[in-house]
Structure formats: C-alpha cells, structure tokens
Amino acid sequence: MNESMAKLTRRRWLQFGGAFASSFMLPRLLQSREGKQHTAPAKQAIIIYLQGGLSHYESFDPKPDAPLAYRGEFGQIATSVPGVNFSEHLPLLAKRAHQFNVIRSVHIDSASHNSSIHQTLTGWPYLNANTEDKTRNHIHPAIGSIISRSCGPRVPGVPGYVTIPHTGQLGIRVHYAGAGLLGAAYEPLESGMLPTRSDESYAGPRSLSMHRKLTREQIGDRLALRQAFDPSVNSTESSSFARYFRQAQDILVRGEAARAFDLSLETKQARERYGNHLWGQQTILARRLAEAGVPFTLLNYTLDQARGQDWDTHVDNFNALKNTLLPPMDLAVSTLLDDLDNRGLLDTTLVAMFGEFGRTPIINKNAGRDHWNNVFSVMLAGGGLKSGIVVGSSTRGGDLPLDRPIHFSDVVATIYQQLGVSADEMLRDSLNRPIPVLDGGKPIAELV
C-alpha cells in the first residue's frame with residue numbers, strides 16, 4: 001500500500017469510526033478472552049493515580065519529630081489502627097485505616113515525572129522518557145492492558161480496561177497507560193471528561209451509544225451482510241464468532257457497558273456522598289465499572305487537565321493540600337471503600353492509591369516540596385489482601401526507608417498476584433514476540 005493510500009485509509013477509518021466501527025473491533029477483543037477461568041482473590045482493580053507525587057509527610061506518614069526544616073505545618077491524628085497516625089487533613093481515611101494497608105517504605109528508580117509515571121503504570125523503567133519523542137509505552141504494556149489480556153471482563157460485553165478520563169499524563173503530553181506491544185485490542189476505553197457536580201448528566205463514551213440514525217435491525221442486517229461476504233465467520237474455527245458480534249450489537253443498543261457508564265442510574269444522594277466535585281463523580285463511576293465486571297480501571301485524580309500535575313506541589317504545598325487536594329480525595333476514597341464494603345465487593349476489588357514518587361524532606365523557598373523517589377507511601381486495600389497493616393517505615397526525617405524497603409515493582413507484583421497474573425509470566429504479541437510481564441518484583445508477603 002502506498003503512503004497516500006495508507007493515509008486515506010486511516011482517515012476514512014477514523015471518519016467511519018464510532019459505534020459501527022466499534023461493533024467490528026470489540027468482537028475480536030471479546031473472542032480473545034473466551035474461556036478464561038478466574039480463581040484469583042480479586043476480580044477487578046481500581047487504581048487511583050495521584051499524578052505529580054503525593055507528599056507522604058502530609059498524608060500517610062507524618063513526621064512530627066522530624067527536624068524543623070522537614071516537619072511542615074500539619075498536625076497528625078490517630079487512626080482506627082492503634083499506634084498509626086495520619087495527617088490531620090485525612091480524617092475520613094483515618095477512621096477507616098483498618099480497611100486498608102499503607103506501605104511507608106516504597107522507593108522507585110527515578111525522580112523524573114516521565115520515567116516514574118512510566119514505571120508506576122507499567123512496572124518497567126524507561127530511561128530518558130520525555131515529552132518530545134519518548135511519549136508512549138511502545139514496548140511494555142500498562143498494568144491495565146496486562147490485566148485485560150490475562151483476565152478479561154467478568155461479564156461478556158464490557159471493556160477489559162477503562163481510563164477515567166483518558167490515557168494521558170502531564171496534560172496529555174505523554175501516554176504511558178497504553179497497551180504497548182500487546183496491540184490495539186488491549187488499549188483502554190477512555191471515559192472522557194465527567195461532570196463536576198452530582199446533578200449533571202453523564203452517559204458514557206459516545207462509542208457505547210448507538211447512532212441516532214441506526215436501529216438494532218439495521219445493525220443486524222449489516223452483520224448478516226458481513227457474514228455473507230466473509231466465509232470465515234461461519235467456519236468451524238470461528239463458530240463462536242457470531243456470538244461476539246451479537247454482544248457488540250447489544251453494547252450499541254445500551255447493553256451492560258452503557259448501563260455501567262450511565263451515572264443517571266445512580267441517585268443524586270449517592271453521587272453527592274462521593275463529593276460534588278470531579279473526583280467524586282469519577283470515583284462513583286469507577287465503582288459502577290467494577291460492579292459491572294470491568295477488571296481494571298485507572299482513575300486519574302487530576303483537576304487541571306491542561307497541566308495534569310495537581311499533586312506536584314513545588315509551590316504552596318500546604319495550602320494546596322489543605323484546601324484543594326486532600327479534602328476531595330479523602331471524601332471520595334473513603335466513600336468508595338464504604339460503598340464497596342457495603343455491596344460485598346471490597347473482598348474482590350483491589351483498590352490502590354499512589355503517585356509516581358514522594359516529596360522532598362526539605363521545604364523549599366516557595367513553601368513547597370520537590371520530587372523525591374527515595375521513599376514514599378502507597379495505599380492498598382481489598383482484593384483478598386489483609387487489612388489494617390503498615391508495611392515498612394521511613395526514617396525520623398522521612399527521607400529514606402528505615403526498615404523493609406519496598407521497590408515499586410513489588411507493589412505491581414502484588415496487584416498482579418491478587419488478580420491472578422504471575423509476575424514472571426511471558427506473554428506473546430501478535431507477531432509471537434515474547435513480552436515479559438514485569439521487571440522483577442515479588443508480592444508483598446505481609447499483605448497476601
């Protein structure tokens with residue numbers, strides 16, 4: 001195919017895309033997952049990503065006895081786990097500390113946003129990652145794509161991997177949440193932007209809704225026409241293929257996936273409990289997706305979509321955390337844990353919350369903290385894990401692991417194990433090239 005034809009074909013495909021195009025792509029994705037049996041403790045995962053890097057000092061690992069230059073402005077409060085204190089601005093999570101675990105001794109390879117975002121989303125380092133030419137994870141699949149490939153949806157007809165609102169980081173300058181060598185079938189479905197209030201409507205991505213000029217009968221006719229022109233659809237080898245077309249057809253007429261995305265099916269009161277803000281509405285959607293059988297949801301807690309680094313508090317760290325960042329996170333995440341628990345879903349839904357690194361011990365001249373990869377905190381809950389445990393500790397100054405250092409690869413290995421994926425597994429891409437799942441790492445023994 002010459003270059004001009006390739007461009008024309010791609011342009012025509014994009015123009016033709018949407019609902020009808022999805023009906024042809026989704027069946028192959030669904031078929032590749034047929035017959036998977038799930039015996040792992042967790043059936044689905046929700047990853048809450050605090051892009052920019054949450055300060056462990058002002059959240060899960062306060063240091064009231066640190067040197068004055070390190071200590072910061074916040075006080076600490078007791079939690080529901082005896083002897084464990086959190087920042088005073090996480091009161092709701094403090095009351096629920098028995099429901100989750102905190103790892104206080106995590107470290108990662110780089111203090112670069114790009115490299116550490118890649119590593120936290122894929123489990124693999126990416127040297128010299130940048131916003132110019134190393135902007136995608138072309139090789140190593142994101143954790144969500146691995147889960148989608150290995151586990152598949154619990155309910156036929158729902159996506160295997162969803163990103164809320166999109167796959168981008170650093171203001172969509174990089175995209176490290178993609179499928180890499182696994183290919184397009186395991187790319188995430190993007191939710192698009194959600195409302196910021198509980199009384200605003202949201203019905204999901206446009207591709208999940210049937211075009212207003214198409215009827216169920218018309219789609220059925222088109223699928224029948226395709227079968228007539230493609231003998232392989234009716235071959236013995238592809239005998240189950242028609243069922244996947246029917247599932248795609250169901251999606252287009254507001255099947256399981258469309259219902260899962262439709263926030264109008266929640267009461268206004270339920271949506272208000274999560275918070276009258278963007279993160280609250282994103283988080284209740286994540287709960288709906290887990291309940292519907294989506295095995296992996298990546299939830300980006302980013303208020304400034306242009307910048308995409310809300311937790312990167314180089315300037316005015318304390319006011320930003322106290323007034324803008326911690327309160328909505330505290331409300332949304334604590335409500336999620338309660339909601340999952342009350343619905344009997346917490347035992348089978350792994351919830352993780354982390355950023356790409358922590359913040360510096362020294363408070364800079366702008367009342368901020370800078371990048372710090374030597375130690376930070378990670379929250380893990382549900383999914384068959386033990387609960388109410390603090391793993392590891394940091395030094396008195398909070399600048400290094402004191403005991404039980406945990407490389408971030410161990411966090412990823414723990415997520416994989418709970419979802420039934422072996423960290424040393426070798427996958428294959430469409431060209432039969434080997435794709436190792438993880439660059440080392442072992443599940444955290446204290447939690448499994």
# chains A, B, ... in the order shown; residues from 1 in each chain; ligands from 1
$ residues_around --residues "Phe60 of chain A" --least-positions-apart "4" --cutoff "9 Å" --atoms "only C-alpha atoms" --output "PyMOL selection string"
chain A and resi 55-56+85-87+90+102-104+377-379
$ closest_residue --among "A:Gly398, A:Gly192, A:Gly441, A:Gly160" --to "Ser422 of chain A" --atoms "only C-alpha atoms"
A:Gly441
$ closest_residue --among "A:Leu427, A:Leu336, A:Val158, A:Val421" --to "Pro188 of chain A" --atoms "only C-alpha atoms"
A:Val158
$ select_by_dssp --residues "segment 71-239 of chain A" --states "alpha helix (DSSP H)" --output "PyMOL selection string"
chain A and resi 71+91-95+113-122+143-151+216-229
$ atom_distance --atom1 "atom CA of Ala111 of chain A" --atom2 "atom CA of Lys134 of chain A"
16.6 Å
$ residues_around --residues "Gln281 of chain A" --least-positions-apart "5" --cutoff "9 Å" --atoms "only C-alpha atoms" --output "count of residues only"
13
$ residues_around --residues "segment 320-326 of chain A" --least-positions-apart "4" --cutoff "8 Å" --atoms "only C-alpha atoms" --output "PyMOL selection string"
chain A and resi 58+89-90+310-311+313+316+330
$ closest_residue --among "A:Ile172, A:Leu385, A:Met426, A:Val351" --to "Ile46 of chain A" --atoms "only C-alpha atoms"
A:Val351
$ residues_around --residues "Lys365 of chain A" --least-positions-apart "3" --cutoff "12 Å" --atoms "only C-alpha atoms" --output "JSON, numbers by chain"
{"A": [69, 314, 315, 316, 317, 362, 368, 369, 370]}
$ atom_distance --atom1 "atom CA of Ala381 of chain A" --atom2 "atom CA of Ala270 of chain A"
21.7 Å
$ atom_distance --atom1 "atom CA of Asn300 of chain A" --atom2 "atom CA of Ile164 of chain A"
6.0 Å
$ closest_residue --among "A:Ile363, A:Ile284, A:Ala260, A:Ile406" --to "Ser334 of chain A" --atoms "only C-alpha atoms"
A:Ile284
$ residues_around --residues "segment 50-52 of chain A" --least-positions-apart "4" --cutoff "8 Å" --atoms "only C-alpha atoms" --output "PyMOL selection string"
chain A and resi 113+117+169+300-302+308-313+353-357
$ write_last_selection --atoms "N, CA and C atoms" --output "PDB file, in the first residue's frame"
ATOM      1  N   HIS A 113       9.355  12.930  36.431  1.00  0.00           N
ATOM      2  CA  HIS A 113       7.944  12.610  36.232  1.00  0.00           C
ATOM      3  C   HIS A 113       7.772  11.549  35.144  1.00  0.00           C
ATOM      4  N   ILE A 117       6.364   7.962  36.036  1.00  0.00           N
ATOM      5  CA  ILE A 117       4.993   7.692  35.585  1.00  0.00           C
ATOM      6  C   ILE A 117       4.981   6.420  34.763  1.00  0.00           C
ATOM      7  N   GLN A 169      -0.958  11.624  30.511  1.00  0.00           N
ATOM      8  CA  GLN A 169      -0.368  12.191  31.725  1.00  0.00           C
ATOM      9  C   GLN A 169       0.364  13.483  31.350  1.00  0.00           C
ATOM     10  N   ASN A 300      -7.642   8.777  37.176  1.00  0.00           N
ATOM     11  CA  ASN A 300      -6.686   9.877  37.275  1.00  0.00           C
ATOM     12  C   ASN A 300      -7.274  11.017  38.088  1.00  0.00           C
ATOM     13  N   TYR A 301      -6.705  11.264  39.266  1.00  0.00           N
ATOM     14  CA  TYR A 301      -7.134  12.390  40.080  1.00  0.00           C
ATOM     15  C   TYR A 301      -6.373  13.631  39.636  1.00  0.00           C
ATOM     16  N   THR A 302      -6.889  14.251  38.584  1.00  0.00           N
ATOM     17  CA  THR A 302      -6.278  15.447  38.022  1.00  0.00           C
ATOM     18  C   THR A 302      -7.358  16.501  37.835  1.00  0.00           C
ATOM     19  N   GLY A 308      -2.060  18.753  34.331  1.00  0.00           N
ATOM     20  CA  GLY A 308      -2.051  17.336  34.661  1.00  0.00           C
ATOM     21  C   GLY A 308      -1.110  16.932  35.776  1.00  0.00           C
ATOM     22  N   GLN A 309      -0.758  17.842  36.670  1.00  0.00           N
ATOM     23  CA  GLN A 309       0.187  17.521  37.736  1.00  0.00           C
ATOM     24  C   GLN A 309      -0.244  18.165  39.055  1.00  0.00           C
ATOM     25  N   ASP A 310      -1.488  17.993  39.425  1.00  0.00           N
ATOM     26  CA  ASP A 310      -2.003  18.684  40.610  1.00  0.00           C
ATOM     27  C   ASP A 310      -1.205  18.392  41.871  1.00  0.00           C
ATOM     28  N   TRP A 311      -0.710  17.160  42.008  1.00  0.00           N
ATOM     29  CA  TRP A 311      -0.023  16.759  43.238  1.00  0.00           C
ATOM     30  C   TRP A 311       1.459  17.120  43.219  1.00  0.00           C
ATOM     31  N   ASP A 312       1.888  17.834  42.187  1.00  0.00           N
ATOM     32  CA  ASP A 312       3.286  18.249  42.049  1.00  0.00           C
ATOM     33  C   ASP A 312       3.469  19.591  42.758  1.00  0.00           C
ATOM     34  N   THR A 313       3.493  19.549  44.084  1.00  0.00           N
ATOM     35  CA  THR A 313       3.354  20.754  44.899  1.00  0.00           C
ATOM     36  C   THR A 313       4.701  21.422  45.199  1.00  0.00           C
ATOM     37  N   MET A 353      -3.857   3.279  45.707  1.00  0.00           N
ATOM     38  CA  MET A 353      -3.709   4.726  45.503  1.00  0.00           C
ATOM     39  C   MET A 353      -2.235   5.090  45.664  1.00  0.00           C
ATOM     40  N   PHE A 354      -1.708   5.773  44.656  1.00  0.00           N
ATOM     41  CA  PHE A 354      -0.304   6.200  44.683  1.00  0.00           C
ATOM     42  C   PHE A 354      -0.067   7.239  43.609  1.00  0.00           C
ATOM     43  N   GLY A 355       1.053   7.942  43.726  1.00  0.00           N
ATOM     44  CA  GLY A 355       1.571   8.795  42.668  1.00  0.00           C
ATOM     45  C   GLY A 355       2.860   8.202  42.153  1.00  0.00           C
ATOM     46  N   GLU A 356       3.622   8.986  41.398  1.00  0.00           N
ATOM     47  CA  GLU A 356       4.841   8.430  40.813  1.00  0.00           C
ATOM     48  C   GLU A 356       6.037   8.473  41.753  1.00  0.00           C
ATOM     49  N   PHE A 357       5.969   9.279  42.809  1.00  0.00           N
ATOM     50  CA  PHE A 357       7.021   9.339  43.831  1.00  0.00           C
ATOM     51  C   PHE A 357       6.515  10.197  44.977  1.00  0.00           C
TER      52      PHE A 357
END
$ residues_around --residues "Leu447 of chain A" --least-positions-apart "4" --cutoff "12 Å" --atoms "only C-alpha atoms" --output "PyMOL selection string"
chain A and resi 100-103+379-392+410-411+413-415+417-418+442-443
$ write_last_selection --atoms "N, CA and C atoms" --output "PDB file, in the first residue's frame"
ATOM      1  N   PHE A 100      -7.755  -0.778  55.047  1.00  0.00           N
ATOM      2  CA  PHE A 100      -6.729  -0.795  54.002  1.00  0.00           C
ATOM      3  C   PHE A 100      -5.343  -0.900  54.628  1.00  0.00           C
ATOM      4  N   ASN A 101      -4.339  -0.937  53.777  1.00  0.00           N
ATOM      5  CA  ASN A 101      -2.937  -1.035  54.207  1.00  0.00           C
ATOM      6  C   ASN A 101      -2.149   0.156  53.681  1.00  0.00           C
ATOM      7  N   VAL A 102      -1.121   0.523  54.394  1.00  0.00           N
ATOM      8  CA  VAL A 102      -0.212   1.576  53.942  1.00  0.00           C
ATOM      9  C   VAL A 102       1.203   1.012  53.923  1.00  0.00           C
ATOM     10  N   ILE A 103       1.874   1.211  52.813  1.00  0.00           N
ATOM     11  CA  ILE A 103       3.285   0.838  52.700  1.00  0.00           C
ATOM     12  C   ILE A 103       4.084   2.132  52.781  1.00  0.00           C
ATOM     13  N   MET A 379      -1.067   3.189  49.204  1.00  0.00           N
ATOM     14  CA  MET A 379      -2.215   2.584  49.863  1.00  0.00           C
ATOM     15  C   MET A 379      -2.717   1.405  49.046  1.00  0.00           C
ATOM     16  N   LEU A 380      -2.991   0.270  49.698  1.00  0.00           N
ATOM     17  CA  LEU A 380      -3.563  -0.913  49.059  1.00  0.00           C
ATOM     18  C   LEU A 380      -4.704  -1.433  49.913  1.00  0.00           C
ATOM     19  N   ALA A 381      -5.819  -1.767  49.281  1.00  0.00           N
ATOM     20  CA  ALA A 381      -6.992  -2.241  50.021  1.00  0.00           C
ATOM     21  C   ALA A 381      -7.709  -3.332  49.242  1.00  0.00           C
ATOM     22  N   GLY A 382      -8.442  -4.165  49.954  1.00  0.00           N
ATOM     23  CA  GLY A 382      -9.356  -5.115  49.334  1.00  0.00           C
ATOM     24  C   GLY A 382      -8.666  -6.158  48.479  1.00  0.00           C
ATOM     25  N   GLY A 383      -9.427  -6.754  47.577  1.00  0.00           N
ATOM     26  CA  GLY A 383      -8.878  -7.704  46.632  1.00  0.00           C
ATOM     27  C   GLY A 383      -8.266  -8.931  47.260  1.00  0.00           C
ATOM     28  N   GLY A 384      -8.760  -9.335  48.456  1.00  0.00           N
ATOM     29  CA  GLY A 384      -8.218 -10.511  49.117  1.00  0.00           C
ATOM     30  C   GLY A 384      -6.993 -10.240  49.960  1.00  0.00           C
ATOM     31  N   LEU A 385      -6.539  -8.975  50.020  1.00  0.00           N
ATOM     32  CA  LEU A 385      -5.398  -8.631  50.863  1.00  0.00           C
ATOM     33  C   LEU A 385      -5.819  -8.570  52.328  1.00  0.00           C
ATOM     34  N   LYS A 386      -4.850  -8.758  53.214  1.00  0.00           N
ATOM     35  CA  LYS A 386      -5.089  -8.457  54.615  1.00  0.00           C
ATOM     36  C   LYS A 386      -5.337  -6.950  54.748  1.00  0.00           C
ATOM     37  N   SER A 387      -5.761  -6.498  55.917  1.00  0.00           N
ATOM     38  CA  SER A 387      -6.062  -5.078  56.063  1.00  0.00           C
ATOM     39  C   SER A 387      -5.590  -4.564  57.417  1.00  0.00           C
ATOM     40  N   GLY A 388      -5.471  -3.245  57.504  1.00  0.00           N
ATOM     41  CA  GLY A 388      -5.045  -2.614  58.749  1.00  0.00           C
ATOM     42  C   GLY A 388      -3.579  -2.779  59.056  1.00  0.00           C
ATOM     43  N   ILE A 389      -2.763  -3.006  58.032  1.00  0.00           N
ATOM     44  CA  ILE A 389      -1.333  -3.261  58.222  1.00  0.00           C
ATOM     45  C   ILE A 389      -0.516  -2.101  57.666  1.00  0.00           C
ATOM     46  N   VAL A 390       0.505  -1.696  58.402  1.00  0.00           N
ATOM     47  CA  VAL A 390       1.501  -0.756  57.900  1.00  0.00           C
ATOM     48  C   VAL A 390       2.767  -1.546  57.615  1.00  0.00           C
ATOM     49  N   VAL A 391       3.197  -1.536  56.382  1.00  0.00           N
ATOM     50  CA  VAL A 391       4.401  -2.262  55.969  1.00  0.00           C
ATOM     51  C   VAL A 391       5.555  -1.276  55.865  1.00  0.00           C
ATOM     52  N   GLY A 392       6.657  -1.594  56.524  1.00  0.00           N
ATOM     53  CA  GLY A 392       7.842  -0.766  56.439  1.00  0.00           C
ATOM     54  C   GLY A 392       7.688   0.557  57.166  1.00  0.00           C
ATOM     55  N   ASP A 410       7.492  -4.391  43.562  1.00  0.00           N
ATOM     56  CA  ASP A 410       6.802  -5.296  44.487  1.00  0.00           C
ATOM     57  C   ASP A 410       5.329  -4.924  44.637  1.00  0.00           C
ATOM     58  N   VAL A 411       5.037  -3.641  44.557  1.00  0.00           N
ATOM     59  CA  VAL A 411       3.638  -3.198  44.585  1.00  0.00           C
ATOM     60  C   VAL A 411       2.908  -3.739  43.362  1.00  0.00           C
ATOM     61  N   ALA A 413       3.777  -6.317  41.507  1.00  0.00           N
ATOM     62  CA  ALA A 413       3.696  -7.779  41.612  1.00  0.00           C
ATOM     63  C   ALA A 413       2.553  -8.198  42.526  1.00  0.00           C
ATOM     64  N   THR A 414       2.299  -7.427  43.569  1.00  0.00           N
ATOM     65  CA  THR A 414       1.193  -7.728  44.481  1.00  0.00           C
ATOM     66  C   THR A 414      -0.141  -7.553  43.781  1.00  0.00           C
ATOM     67  N   ILE A 415      -0.281  -6.479  43.019  1.00  0.00           N
ATOM     68  CA  ILE A 415      -1.514  -6.256  42.254  1.00  0.00           C
ATOM     69  C   ILE A 415      -1.732  -7.402  41.280  1.00  0.00           C
ATOM     70  N   GLN A 417      -0.545 -10.511  41.373  1.00  0.00           N
ATOM     71  CA  GLN A 417      -0.846 -11.787  42.018  1.00  0.00           C
ATOM     72  C   GLN A 417      -2.302 -11.857  42.470  1.00  0.00           C
ATOM     73  N   GLN A 418      -2.801 -10.764  43.052  1.00  0.00           N
ATOM     74  CA  GLN A 418      -4.177 -10.790  43.550  1.00  0.00           C
ATOM     75  C   GLN A 418      -5.190 -10.929  42.425  1.00  0.00           C
ATOM     76  N   LYS A 442       8.383  -8.933  43.725  1.00  0.00           N
ATOM     77  CA  LYS A 442       7.719 -10.045  44.389  1.00  0.00           C
ATOM     78  C   LYS A 442       6.541  -9.515  45.189  1.00  0.00           C
ATOM     79  N   PRO A 443       5.467 -10.292  45.278  1.00  0.00           N
ATOM     80  CA  PRO A 443       4.332  -9.847  46.089  1.00  0.00           C
ATOM     81  C   PRO A 443       4.747  -9.552  47.530  1.00  0.00           C
TER      82      PRO A 443
END
$ closest_residue --among "A:Gln119, A:Ser409, A:Thr267, A:Asn374" --to "Asp199 of chain A" --atoms "only C-alpha atoms"
A:Thr267
